[in-house]
>>> print(open('run-v8.txt').read())   # compact mmCIF, C-alpha atoms and all ligand atoms
# COMPACT_ATOMS: atom_id res chain seq x y z
CA MET A 14 172.14 43.58 56.83
CA ARG A 15 169.57 45.81 55.15
CA TYR A 16 169.29 49.59 55.60
CA ASP A 17 166.07 51.49 54.97
CA TYR A 18 166.09 53.46 51.72
CA GLN A 19 162.33 53.35 51.16
CA ASP A 20 161.32 56.03 48.65
CA LYS A 21 164.80 57.59 48.69
CA THR A 22 166.68 58.63 45.57
CA VAL A 23 170.45 58.40 45.75
CA ILE A 24 173.14 59.36 43.24
CA VAL A 25 176.00 56.82 43.26
CA THR A 26 179.20 57.49 41.33
CA GLY A 27 181.29 54.49 40.28
CA GLY A 28 178.28 52.18 40.64
CA ALA A 29 179.06 50.07 37.56
CA LYS A 30 181.19 47.54 39.43
CA GLY A 31 183.15 46.74 42.58
CA ILE A 32 182.21 48.48 45.83
CA GLY A 33 179.86 50.91 44.04
CA LYS A 34 177.81 48.09 42.54
CA GLU A 35 177.27 46.58 46.02
CA VAL A 36 176.12 50.02 47.22
CA VAL A 37 173.63 50.21 44.34
CA LYS A 38 172.30 46.74 45.22
CA GLY A 39 171.96 47.68 48.90
CA ILE A 40 169.96 50.84 48.14
CA VAL A 41 167.59 48.92 45.88
CA ASP A 42 167.25 46.17 48.52
CA GLY A 43 166.34 48.90 51.00
CA GLY A 44 163.54 50.19 48.77
CA GLY A 45 165.34 53.09 47.07
CA ARG A 46 166.13 54.30 43.55
CA VAL A 47 169.59 54.97 42.17
CA ALA A 48 170.99 57.34 39.56
CA LEU A 49 174.23 55.53 38.68
CA LEU A 50 177.07 57.65 37.29
CA ASP A 51 180.08 56.02 35.69
CA ILE A 52 182.41 56.12 32.70
CA ASP A 53 182.19 52.34 32.19
CA ASP A 54 179.04 52.29 30.06
CA VAL A 55 178.95 48.53 29.49
CA ASN A 56 179.01 47.60 33.19
CA ALA A 57 176.83 50.58 34.16
CA GLN A 58 174.11 49.48 31.72
CA ALA A 59 174.43 45.85 32.86
CA THR A 60 173.97 46.92 36.49
CA ALA A 61 170.98 49.11 35.60
CA GLN A 62 169.40 46.21 33.72
CA GLU A 63 169.63 44.00 36.82
CA PHE A 64 167.24 46.42 38.57
CA PRO A 65 164.69 47.58 35.99
CA GLY A 66 162.84 50.73 37.03
CA LYS A 67 165.07 51.17 40.08
CA VAL A 68 168.46 52.06 38.61
CA THR A 69 169.22 54.45 35.75
CA ALA A 70 172.74 54.73 34.36
CA TYR A 71 174.28 58.03 33.19
CA HIS A 72 177.65 58.41 31.48
CA VAL A 73 179.59 60.92 33.59
CA ASP A 74 183.29 61.50 34.09
CA GLN A 75 183.28 63.02 37.56
CA ALA A 76 186.47 64.95 36.79
CA ASN A 77 184.55 66.86 34.10
CA ARG A 78 182.68 69.64 35.93
CA GLU A 79 180.53 70.58 32.96
CA GLU A 80 179.38 66.97 32.48
CA VAL A 81 178.65 66.64 36.20
CA ASN A 82 176.64 69.88 36.31
CA LYS A 83 174.58 68.95 33.24
CA THR A 84 173.77 65.45 34.47
CA PHE A 85 172.92 66.57 38.01
CA ALA A 86 170.52 69.18 36.59
CA THR A 87 168.83 66.43 34.53
CA ILE A 88 168.62 64.07 37.51
CA ILE A 89 167.17 66.75 39.83
CA HIS A 90 164.64 67.67 37.14
CA ASP A 91 163.64 64.04 36.47
CA TYR A 92 163.47 62.80 40.08
CA GLN A 93 162.39 66.13 41.64
CA ARG A 94 164.07 65.18 44.93
CA VAL A 95 167.48 63.63 45.64
CA ASP A 96 168.15 62.40 49.19
CA GLY A 97 171.74 61.23 49.02
CA LEU A 98 175.02 61.38 47.13
CA ILE A 99 177.51 58.54 47.45
CA ASN A 100 180.88 59.19 45.82
CA VAL A 101 182.46 55.80 45.21
CA ALA A 102 184.29 56.36 41.90
CA GLY A 103 188.05 56.57 42.08
CA ILE A 104 191.27 55.39 40.47
CA ILE A 105 194.45 53.90 41.88
CA SER A 106 197.93 55.36 41.47
CA ALA A 107 200.66 52.98 42.57
CA ARG A 108 203.91 54.48 41.32
CA PRO A 109 206.68 55.42 43.75
CA PHE A 110 207.25 59.17 44.02
CA ASP A 111 210.41 59.15 41.91
CA GLN A 112 208.51 57.54 39.01
CA LEU A 113 205.31 59.55 39.37
CA SER A 114 204.72 61.91 36.45
CA PRO A 115 203.06 65.30 37.00
CA GLU A 116 200.31 64.08 34.63
CA GLU A 117 199.54 61.06 36.83
CA TRP A 118 199.53 63.29 39.93
CA ASP A 119 197.08 65.73 38.25
CA ARG A 120 194.79 62.98 36.97
CA THR A 121 194.62 61.22 40.36
CA ILE A 122 193.78 64.45 42.22
CA GLN A 123 191.35 65.47 39.47
CA ILE A 124 189.34 62.24 39.68
CA ASN A 125 189.66 61.28 43.37
CA LEU A 126 189.43 64.72 44.99
CA THR A 127 188.11 67.29 42.50
CA GLY A 128 185.56 64.71 41.30
CA PRO A 129 183.77 64.55 44.69
CA TYR A 130 184.07 68.36 44.95
CA ASN A 131 182.30 68.60 41.56
CA THR A 132 179.43 66.32 42.57
CA VAL A 133 178.95 67.91 46.01
CA HIS A 134 179.04 71.36 44.41
CA ALA A 135 176.37 70.25 41.94
CA ILE A 136 173.97 68.96 44.65
CA TRP A 137 174.63 71.39 47.54
CA ASP A 138 171.91 73.95 46.77
CA HIS A 139 169.38 71.19 46.12
CA PHE A 140 170.12 69.66 49.54
CA LYS A 141 169.91 73.09 51.21
CA THR A 142 166.54 73.77 49.59
CA ASN A 143 165.23 70.35 50.60
CA GLY A 144 166.21 70.65 54.25
CA GLY A 145 169.22 68.35 53.96
CA GLY A 146 170.82 65.34 52.36
CA ARG A 147 173.41 62.65 53.02
CA ILE A 148 176.85 62.61 51.45
CA VAL A 149 179.17 59.62 51.75
CA ASN A 150 182.66 59.74 50.20
CA VAL A 151 184.71 56.60 49.67
CA SER A 152 188.22 57.30 50.86
CA SER A 153 190.96 54.79 51.69
CA VAL A 154 193.18 53.66 54.52
CA ALA A 155 195.93 55.23 52.33
CA GLY A 156 194.58 58.68 53.22
CA LYS A 157 195.27 58.03 56.90
CA ILE A 158 198.59 56.17 56.77
CA GLY A 159 200.27 57.68 53.71
CA GLY A 160 199.54 54.82 51.33
CA GLY A 161 201.59 51.68 51.45
CA LEU A 162 199.07 48.87 50.74
CA LEU A 163 198.71 49.49 46.99
CA GLY A 164 198.21 53.23 46.43
CA THR A 165 201.20 55.53 46.80
CA VAL A 166 201.79 59.28 47.05
CA ALA A 167 199.19 60.67 44.60
CA TYR A 168 196.53 58.24 45.76
CA ALA A 169 197.26 58.80 49.48
CA SER A 170 197.20 62.58 48.96
CA SER A 171 193.91 62.49 47.07
CA LYS A 172 192.27 60.41 49.80
CA ALA A 173 193.74 62.49 52.66
CA GLY A 174 192.33 65.53 50.86
CA LEU A 175 188.98 63.78 50.57
CA ASN A 176 188.97 63.19 54.34
CA GLY A 177 189.57 66.91 54.98
CA PHE A 178 186.91 67.85 52.42
CA THR A 179 184.41 65.51 54.09
CA LYS A 180 184.99 67.01 57.54
CA ALA A 181 184.83 70.60 56.25
CA ILE A 182 181.52 70.12 54.42
CA ALA A 183 180.15 68.26 57.46
CA LYS A 184 180.89 71.36 59.57
CA GLU A 185 179.30 73.74 57.10
CA GLY A 186 176.43 71.44 56.14
CA GLY A 187 175.17 70.61 59.64
CA LYS A 188 173.01 73.70 59.92
CA TYR A 189 171.25 72.77 56.66
CA GLY A 190 170.67 69.14 57.63
CA ILE A 191 173.46 68.05 55.27
CA TYR A 192 175.48 65.13 56.64
CA ALA A 193 178.91 64.16 55.28
CA ASN A 194 180.89 61.06 56.22
CA ALA A 195 183.57 58.98 54.56
CA VAL A 196 184.46 55.30 54.57
CA ALA A 197 188.11 54.28 54.44
CA PRO A 198 188.57 50.68 53.21
CA SER A 199 191.81 48.70 53.06
CA PHE A 200 192.51 45.87 50.59
CA THR A 201 189.19 44.86 48.99
CA HIS A 202 188.67 42.31 46.22
CA THR A 203 187.68 44.35 43.14
CA SER A 204 189.09 45.05 39.69
CA MET A 205 191.16 47.85 41.27
CA THR A 206 193.21 45.31 43.21
CA THR A 207 193.51 42.50 40.65
CA SER A 208 197.27 43.09 40.34
CA LEU A 209 197.65 42.81 44.11
CA SER A 210 195.47 39.71 44.40
CA GLU A 211 197.43 37.97 41.62
CA ASP A 212 200.92 38.65 43.02
CA PRO A 213 201.42 36.10 45.84
CA VAL A 214 204.35 37.95 47.45
CA LYS A 215 202.69 41.39 47.51
CA ASN A 216 199.38 39.79 48.46
CA GLN A 217 200.87 38.11 51.54
CA LYS A 218 202.75 41.27 52.52
CA VAL A 219 199.57 43.33 52.48
CA ILE A 220 197.50 40.70 54.25
CA GLY A 221 200.20 40.63 56.94
CA ILE A 222 199.33 44.25 57.83
CA ILE A 223 195.62 43.48 58.25
CA PRO A 224 194.79 42.15 61.75
CA LEU A 225 191.79 40.19 60.39
CA GLY A 226 194.27 38.49 58.02
CA ARG A 227 192.32 38.74 54.76
CA PRO A 228 191.07 41.20 52.16
CA ALA A 229 187.46 42.42 52.29
CA GLU A 230 184.71 41.53 49.86
CA ALA A 231 183.11 44.62 48.26
CA VAL A 232 179.83 43.98 50.06
CA GLU A 233 181.56 44.34 53.46
CA ILE A 234 182.65 47.88 52.56
CA ALA A 235 179.22 48.67 51.13
CA GLN A 236 177.65 47.88 54.51
CA MET A 237 179.35 50.83 56.20
CA ILE A 238 178.65 53.12 53.25
CA LEU A 239 174.97 52.15 53.32
CA PHE A 240 174.82 52.77 57.07
CA PHE A 241 176.32 56.27 56.73
CA GLY A 242 173.96 56.99 53.84
CA SER A 243 170.85 56.02 55.81
CA ASP A 244 168.80 57.59 58.60
CA ALA A 245 170.28 54.96 60.95
CA ALA A 246 173.34 57.28 61.17
CA SER A 247 171.20 60.15 62.46
CA PHE A 248 173.82 61.66 64.82
CA ILE A 249 176.98 60.95 62.85
CA THR A 250 178.67 63.50 60.62
CA GLY A 251 182.28 64.33 59.78
CA GLU A 252 183.30 60.76 60.56
CA ILE A 253 185.98 58.93 58.56
CA GLY A 254 184.97 55.34 59.25
CA ASP A 255 187.56 52.59 58.96
CA ALA A 256 186.32 49.48 57.15
CA ASP A 257 189.79 48.00 57.01
CA GLY A 258 190.07 44.78 59.00
CA GLY A 259 191.83 46.65 61.81
CA VAL A 260 194.70 48.39 59.96
CA VAL A 261 193.94 51.79 61.50
CA MET A 262 193.02 51.87 65.17
CA ASP A 263 192.87 55.53 66.07
CA GLY A 264 190.82 57.44 68.57
N1 LIG A 301 189.53 47.97 46.23
C1 LIG A 301 190.23 48.42 47.22
O1 LIG A 301 191.09 47.71 47.80
C2 LIG A 301 190.01 49.81 47.76
C3 LIG A 301 190.66 50.17 48.96
C4 LIG A 301 190.49 51.44 49.45
C5 LIG A 301 189.67 52.34 48.80
N2 LIG A 301 189.06 51.98 47.65
C6 LIG A 301 188.21 53.00 46.99
O2 LIG A 301 186.95 52.44 46.74
C7 LIG A 301 186.35 53.09 45.61
C8 LIG A 301 185.80 52.03 44.67
O3 LIG A 301 186.87 51.25 44.19
P1 LIG A 301 186.70 49.74 43.68
O4 LIG A 301 187.72 48.95 44.38
O5 LIG A 301 185.28 49.32 43.69
O6 LIG A 301 187.24 49.95 42.17
P2 LIG A 301 186.65 49.56 40.76
O7 LIG A 301 187.74 49.92 39.80
O8 LIG A 301 186.11 48.17 40.76
O9 LIG A 301 185.42 50.58 40.59
C9 LIG A 301 185.62 51.95 40.42
C10 LIG A 301 184.50 52.48 39.54
O10 LIG A 301 184.70 53.90 39.37
C11 LIG A 301 184.51 54.22 37.99
N3 LIG A 301 185.28 55.43 37.66
C12 LIG A 301 186.63 55.57 37.61
N4 LIG A 301 186.94 56.82 37.23
C13 LIG A 301 185.77 57.48 37.06
C14 LIG A 301 185.45 58.81 36.68
N5 LIG A 301 186.39 59.71 36.36
N6 LIG A 301 184.14 59.17 36.63
C15 LIG A 301 183.17 58.27 36.92
N7 LIG A 301 183.42 56.99 37.26
C16 LIG A 301 184.70 56.61 37.33
C17 LIG A 301 185.03 52.97 37.25
O11 LIG A 301 184.57 52.92 35.92
C18 LIG A 301 184.50 51.85 38.14
O12 LIG A 301 183.20 51.47 37.77
C19 LIG A 301 187.47 53.97 45.00
O13 LIG A 301 187.27 55.32 45.39
C20 LIG A 301 188.72 53.42 45.62
O14 LIG A 301 189.75 54.39 45.70
C21 LIG A 301 189.20 50.74 47.11
>>> encode(input="run-v8.txt", output="structure tokens")
Amino acid sequence: MRYDYQDKTVIVTGGAKGIGKEVVKGIVDGGGRVALLDIDDVNAQATAQEFPGKVTAYHVDQANREEVNKTFATIIHDYQRVDGLINVAGIISARPFDQLSPEEWDRTIQINLTGPYNTVHAIWDHFKTNGGGRIVNVSSVAGKIGGGLLGTVAYASSKAGLNGFTKAIAKEGGKYGIYANAVAPSFTHTSMTTSLSEDPVKNQKVIGIIPLGRPAEAVEIAQMILFFGSDAASFITGEIGDADGGVVMDG
């Protein structure tokens, strides 16, 4: 399915590979341009080269506030108008609590939660001035059920925090035309889950929790992200959408 991104400019973090790369493809397919932010320069450049003139790659560690601020200022200057921000970048943390070091806790929160804070902080005034903008954060089923598929305590906490952050900025942003939603995937085939895919016992255990009985392909998660990032979601904000094969059925 294709969503309309005609003449829109969207910043996508973590667009070098996996779910983020499918988001980049979808925006270009919909007629938009992408500023792709990632720390994986090789894959980021390769993705940009697949879409000449439509995708520009920038080296940014989203945990580094100074780097984020500098690059966002450059992007806003170069493109003049940014319509959306899609925070896909994240890292996994899979250690049980009694083996989790304070350093791993800090790093996971810094990248998965403070990272999206940094990027939203860097674009907020621009969106306010422009009469609005669309923010989509990529969370995880772990943020709703306390981990358990692959990510554990630090990962689940970072994603639960991201859900709260998304709802809070949706409440404050509404009056400025700023939308904020999140997408919470379960097990998806990407480099993040290679260890899970390659371990037949763990793989079967996780699949057993998913009513649809299989992992997702990255493009299936991208579909919900692209919907939330587009004008098709014109009356939806503060939503944490489950793209998880039926793991979470709340409401
Ligand atoms: N794959 C899954 O099963 C799954 C499930 C639930 C949620 N998620 C979430 O989906 C998002 C995308 O994950 P994926 O599976 O595509 O993983 P991936 O590892 O394939 O891609 C993640 C991308 O983020 C980039 N990145 C990591 N740290 C960064 C940083 N500090 N600054 C900028 N870029 C950084 C990586 O270089 C990579 O390109 C993540 O937020 C992840 O937590 C994934």
>>> atom_distance(input="run-v8.txt", atom1="CA of Asn150 (chain A)", atom2="CA of Ile124 (chain A)")
12.7 Å
>>> residues_near_point(input="run-v8.txt", point="(198.6, 61.4, 51.4)", cutoff="7 Å", atoms="all atoms listed in the file", output="PyMOL selection string")
chain A and resi 155-156+159-160+166-173
>>> write_last_selection(input="run-v8.txt", atoms="C-alpha atoms", output="mmCIF file, keeping the file's coordinate frame")
data_model
loop_
_atom_site.group_PDB
_atom_site.id
_atom_site.type_symbol
_atom_site.label_atom_id
_atom_site.label_comp_id
_atom_site.auth_asym_id
_atom_site.auth_seq_id
_atom_site.Cartn_x
_atom_site.Cartn_y
_atom_site.Cartn_z
ATOM 1 C CA ALA A 155 195.930 55.230 52.330
ATOM 2 C CA GLY A 156 194.580 58.680 53.220
ATOM 3 C CA GLY A 159 200.270 57.680 53.710
ATOM 4 C CA GLY A 160 199.540 54.820 51.330
ATOM 5 C CA VAL A 166 201.790 59.280 47.050
ATOM 6 C CA ALA A 167 199.190 60.670 44.600
ATOM 7 C CA TYR A 168 196.530 58.240 45.760
ATOM 8 C CA ALA A 169 197.260 58.800 49.480
ATOM 9 C CA SER A 170 197.200 62.580 48.960
ATOM 10 C CA SER A 171 193.910 62.490 47.070
ATOM 11 C CA LYS A 172 192.270 60.410 49.800
ATOM 12 C CA ALA A 173 193.740 62.490 52.660
#
>>> atom_distance(input="run-v8.txt", atom1="atom C12 of ligand LIG 301 (chain A)", atom2="CA of Tyr192 (chain A)")
24.0 Å
>>> atom_distance(input="run-v8.txt", atom1="CA of Val219 (chain A)", atom2="CA of Ser199 (chain A)")
9.5 Å
>>> closest_atom_pairs(input="run-v8.txt", of="chain A", to="ligand LIG 301 (chain A)", cutoff="6 Å", atoms="only C-alpha atoms and all ligand atoms", output="tab-separated table")
residue	atom	partner	partner_atom	distance
A:Thr26	CA	A:LIG301	N7	5.9
A:Gly27	CA	A:LIG301	O10	3.6
A:Gly28	CA	A:LIG301	O12	5.7
A:Ala29	CA	A:LIG301	O12	4.4
A:Lys30	CA	A:LIG301	O12	4.7
A:Gly31	CA	A:LIG301	O5	3.5
A:Ile32	CA	A:LIG301	O5	3.8
A:Gly33	CA	A:LIG301	O5	5.7
A:Asp51	CA	A:LIG301	N7	3.8
A:Ile52	CA	A:LIG301	N7	4.8
A:Asp53	CA	A:LIG301	O11	4.5
A:Val73	CA	A:LIG301	C15	5.6
A:Asp74	CA	A:LIG301	N6	3.6
A:Gln75	CA	A:LIG301	N6	4.1
A:Ala76	CA	A:LIG301	N5	5.3
A:Val101	CA	A:LIG301	C7	4.8
A:Ala102	CA	A:LIG301	O10	3.6
A:Gly103	CA	A:LIG301	O13	3.6
A:Ile104	CA	A:LIG301	C12	5.5
A:Ile124	CA	A:LIG301	N5	5.1
A:Val151	CA	A:LIG301	O13	5.1
A:Ser152	CA	A:LIG301	C5	5.6
A:Ser153	CA	A:LIG301	C5	4.0
A:Pro198	CA	A:LIG301	C4	4.3
A:Ser199	CA	A:LIG301	C3	4.5
A:Phe200	CA	A:LIG301	O1	3.6
A:Thr201	CA	A:LIG301	O1	3.6
A:His202	CA	A:LIG301	N1	5.7
A:Thr203	CA	A:LIG301	O4	4.8
A:Ser204	CA	A:LIG301	O8	4.4
A:Met205	CA	A:LIG301	O7	4.3
A:Thr206	CA	A:LIG301	N1	5.5
>>> residues_around(input="run-v8.txt", residues="region 178-182 of chain A", least_positions_apart="6", cutoff="9 Å", atoms="only C-alpha atoms", output="list in words")
Leu126, Pro129, Tyr130, Ile148, Val149, Asn150, Ile191, Tyr192, Ala193, Asn194, Ala195, Thr250, Gly251, Glu252 and Ile253 of chain A
>>> residues_around(input="run-v8.txt", residues="region 231-241 of chain A", least_positions_apart="3", cutoff="6 Å", atoms="only C-alpha atoms", output="count of residues only")
4
>>> closest_residue(input="run-v8.txt", among="A:Leu50, A:Lys38, A:Leu163, A:Pro228", to="Pro109 (chain A)", atoms="all atoms listed in the file")
A:Leu163
>>> closest_residue(input="run-v8.txt", among="A:Asp111, A:Ala135, A:Ala48, A:Ile40", to="Met14 (chain A)", atoms="only C-alpha atoms")
A:Ile40
>>> closest_residue(input="run-v8.txt", among="A:Leu175, A:Arg78, A:Lys83, A:Ser114", to="Asn131 (chain A)", atoms="only C-alpha atoms")
A:Arg78
>>> closest_residue(input="run-v8.txt", among="A:Arg227, A:Lys157, A:Lys184, A:Arg15", to="Ala197 (chain A)", atoms="all atoms listed in the file")
A:Lys157
>>> closest_residue(input="run-v8.txt", among="A:Val55, A:Leu49, A:Asp263, A:Asp42", to="Tyr71 (chain A)", atoms="all atoms listed in the file")
A:Leu49
>>> closest_residue(input="run-v8.txt", among="A:Thr69, A:Thr165, A:Gln58, A:Asn77", to="Gln112 (chain A)", atoms="only C-alpha atoms")
A:Thr165
>>> build_atoms(input="run-v8.txt", residues="region 119-149 of chain A", atoms="N, CA and C atoms", output="PDB file, in the coordinates of the input")
ATOM      1  N   ASP A 119     198.236  64.875  38.570  1.00  0.00           N
ATOM      2  CA  ASP A 119     197.080  65.730  38.250  1.00  0.00           C
ATOM      3  C   ASP A 119     195.813  64.894  38.055  1.00  0.00           C
ATOM      4  N   ARG A 120     195.959  63.814  37.301  1.00  0.00           N
ATOM      5  CA  ARG A 120     194.790  62.980  36.970  1.00  0.00           C
ATOM      6  C   ARG A 120     194.204  62.340  38.237  1.00  0.00           C
ATOM      7  N   THR A 121     195.094  61.886  39.132  1.00  0.00           N
ATOM      8  CA  THR A 121     194.620  61.220  40.360  1.00  0.00           C
ATOM      9  C   THR A 121     193.875  62.224  41.247  1.00  0.00           C
ATOM     10  N   ILE A 122     194.442  63.419  41.401  1.00  0.00           N
ATOM     11  CA  ILE A 122     193.780  64.450  42.220  1.00  0.00           C
ATOM     12  C   ILE A 122     192.477  64.884  41.550  1.00  0.00           C
ATOM     13  N   GLN A 123     192.527  65.017  40.226  1.00  0.00           N
ATOM     14  CA  GLN A 123     191.350  65.470  39.470  1.00  0.00           C
ATOM     15  C   GLN A 123     190.168  64.499  39.646  1.00  0.00           C
ATOM     16  N   ILE A 124     190.440  63.212  39.573  1.00  0.00           N
ATOM     17  CA  ILE A 124     189.340  62.240  39.680  1.00  0.00           C
ATOM     18  C   ILE A 124     188.968  61.985  41.143  1.00  0.00           C
ATOM     19  N   ASN A 125     189.968  61.733  42.003  1.00  0.00           N
ATOM     20  CA  ASN A 125     189.660  61.280  43.370  1.00  0.00           C
ATOM     21  C   ASN A 125     189.274  62.391  44.331  1.00  0.00           C
ATOM     22  N   LEU A 126     189.731  63.624  44.062  1.00  0.00           N
ATOM     23  CA  LEU A 126     189.430  64.720  44.990  1.00  0.00           C
ATOM     24  C   LEU A 126     188.545  65.794  44.345  1.00  0.00           C
ATOM     25  N   THR A 127     188.940  66.274  43.164  1.00  0.00           N
ATOM     26  CA  THR A 127     188.110  67.290  42.500  1.00  0.00           C
ATOM     27  C   THR A 127     186.790  66.680  42.039  1.00  0.00           C
ATOM     28  N   GLY A 128     186.803  65.392  41.702  1.00  0.00           N
ATOM     29  CA  GLY A 128     185.560  64.710  41.300  1.00  0.00           C
ATOM     30  C   GLY A 128     184.482  64.833  42.376  1.00  0.00           C
ATOM     31  N   PRO A 129     184.758  64.385  43.613  1.00  0.00           N
ATOM     32  CA  PRO A 129     183.770  64.550  44.690  1.00  0.00           C
ATOM     33  C   PRO A 129     183.423  66.023  44.967  1.00  0.00           C
ATOM     34  N   TYR A 130     184.408  66.926  44.828  1.00  0.00           N
ATOM     35  CA  TYR A 130     184.070  68.360  44.950  1.00  0.00           C
ATOM     36  C   TYR A 130     183.019  68.716  43.895  1.00  0.00           C
ATOM     37  N   ASN A 131     183.235  68.264  42.647  1.00  0.00           N
ATOM     38  CA  ASN A 131     182.300  68.600  41.560  1.00  0.00           C
ATOM     39  C   ASN A 131     180.884  68.109  41.866  1.00  0.00           C
ATOM     40  N   THR A 132     180.775  66.874  42.346  1.00  0.00           N
ATOM     41  CA  THR A 132     179.430  66.320  42.570  1.00  0.00           C
ATOM     42  C   THR A 132     178.760  66.987  43.775  1.00  0.00           C
ATOM     43  N   VAL A 133     179.532  67.234  44.829  1.00  0.00           N
ATOM     44  CA  VAL A 133     178.950  67.910  46.010  1.00  0.00           C
ATOM     45  C   VAL A 133     178.522  69.327  45.625  1.00  0.00           C
ATOM     46  N   HIS A 134     179.373  70.002  44.856  1.00  0.00           N
ATOM     47  CA  HIS A 134     179.040  71.360  44.410  1.00  0.00           C
ATOM     48  C   HIS A 134     177.740  71.357  43.607  1.00  0.00           C
ATOM     49  N   ALA A 135     177.543  70.305  42.805  1.00  0.00           N
ATOM     50  CA  ALA A 135     176.370  70.250  41.940  1.00  0.00           C
ATOM     51  C   ALA A 135     175.075  69.915  42.698  1.00  0.00           C
ATOM     52  N   ILE A 136     175.189  69.366  43.906  1.00  0.00           N
ATOM     53  CA  ILE A 136     173.970  68.960  44.650  1.00  0.00           C
ATOM     54  C   ILE A 136     173.703  69.850  45.855  1.00  0.00           C
ATOM     55  N   TRP A 137     174.687  70.653  46.263  1.00  0.00           N
ATOM     56  CA  TRP A 137     174.630  71.390  47.540  1.00  0.00           C
ATOM     57  C   TRP A 137     173.368  72.249  47.678  1.00  0.00           C
ATOM     58  N   ASP A 138     173.072  73.051  46.671  1.00  0.00           N
ATOM     59  CA  ASP A 138     171.910  73.950  46.770  1.00  0.00           C
ATOM     60  C   ASP A 138     170.611  73.147  46.820  1.00  0.00           C
ATOM     61  N   HIS A 139     170.571  72.045  46.090  1.00  0.00           N
ATOM     62  CA  HIS A 139     169.380  71.190  46.120  1.00  0.00           C
ATOM     63  C   HIS A 139     169.168  70.644  47.538  1.00  0.00           C
ATOM     64  N   PHE A 140     170.234  70.165  48.164  1.00  0.00           N
ATOM     65  CA  PHE A 140     170.120  69.660  49.540  1.00  0.00           C
ATOM     66  C   PHE A 140     169.694  70.776  50.492  1.00  0.00           C
ATOM     67  N   LYS A 141     170.269  71.961  50.332  1.00  0.00           N
ATOM     68  CA  LYS A 141     169.910  73.090  51.210  1.00  0.00           C
ATOM     69  C   LYS A 141     168.416  73.410  51.075  1.00  0.00           C
ATOM     70  N   THR A 142     167.949  73.444  49.848  1.00  0.00           N
ATOM     71  CA  THR A 142     166.540  73.770  49.590  1.00  0.00           C
ATOM     72  C   THR A 142     165.614  72.716  50.169  1.00  0.00           C
ATOM     73  N   ASN A 143     166.078  71.457  50.139  1.00  0.00           N
ATOM     74  CA  ASN A 143     165.230  70.350  50.600  1.00  0.00           C
ATOM     75  C   ASN A 143     165.323  70.086  52.089  1.00  0.00           C
ATOM     76  N   GLY A 144     166.079  70.882  52.801  1.00  0.00           N
ATOM     77  CA  GLY A 144     166.210  70.650  54.250  1.00  0.00           C
ATOM     78  C   GLY A 144     167.248  69.608  54.592  1.00  0.00           C
ATOM     79  N   GLY A 145     168.098  69.241  53.637  1.00  0.00           N
ATOM     80  CA  GLY A 145     169.220  68.350  53.960  1.00  0.00           C
ATOM     81  C   GLY A 145     169.477  67.272  52.936  1.00  0.00           C
ATOM     82  N   GLY A 146     170.445  66.432  53.239  1.00  0.00           N
ATOM     83  CA  GLY A 146     170.820  65.340  52.360  1.00  0.00           C
ATOM     84  C   GLY A 146     172.022  64.626  52.961  1.00  0.00           C
ATOM     85  N   ARG A 147     172.302  63.442  52.453  1.00  0.00           N
ATOM     86  CA  ARG A 147     173.410  62.650  53.020  1.00  0.00           C
ATOM     87  C   ARG A 147     174.492  62.431  51.979  1.00  0.00           C
ATOM     88  N   ILE A 148     175.703  62.803  52.345  1.00  0.00           N
ATOM     89  CA  ILE A 148     176.850  62.610  51.450  1.00  0.00           C
ATOM     90  C   ILE A 148     177.766  61.561  52.076  1.00  0.00           C
ATOM     91  N   VAL A 149     178.169  60.588  51.292  1.00  0.00           N
ATOM     92  CA  VAL A 149     179.170  59.620  51.750  1.00  0.00           C
ATOM     93  C   VAL A 149     180.281  59.572  50.691  1.00  0.00           C
TER      94      VAL A 149
END
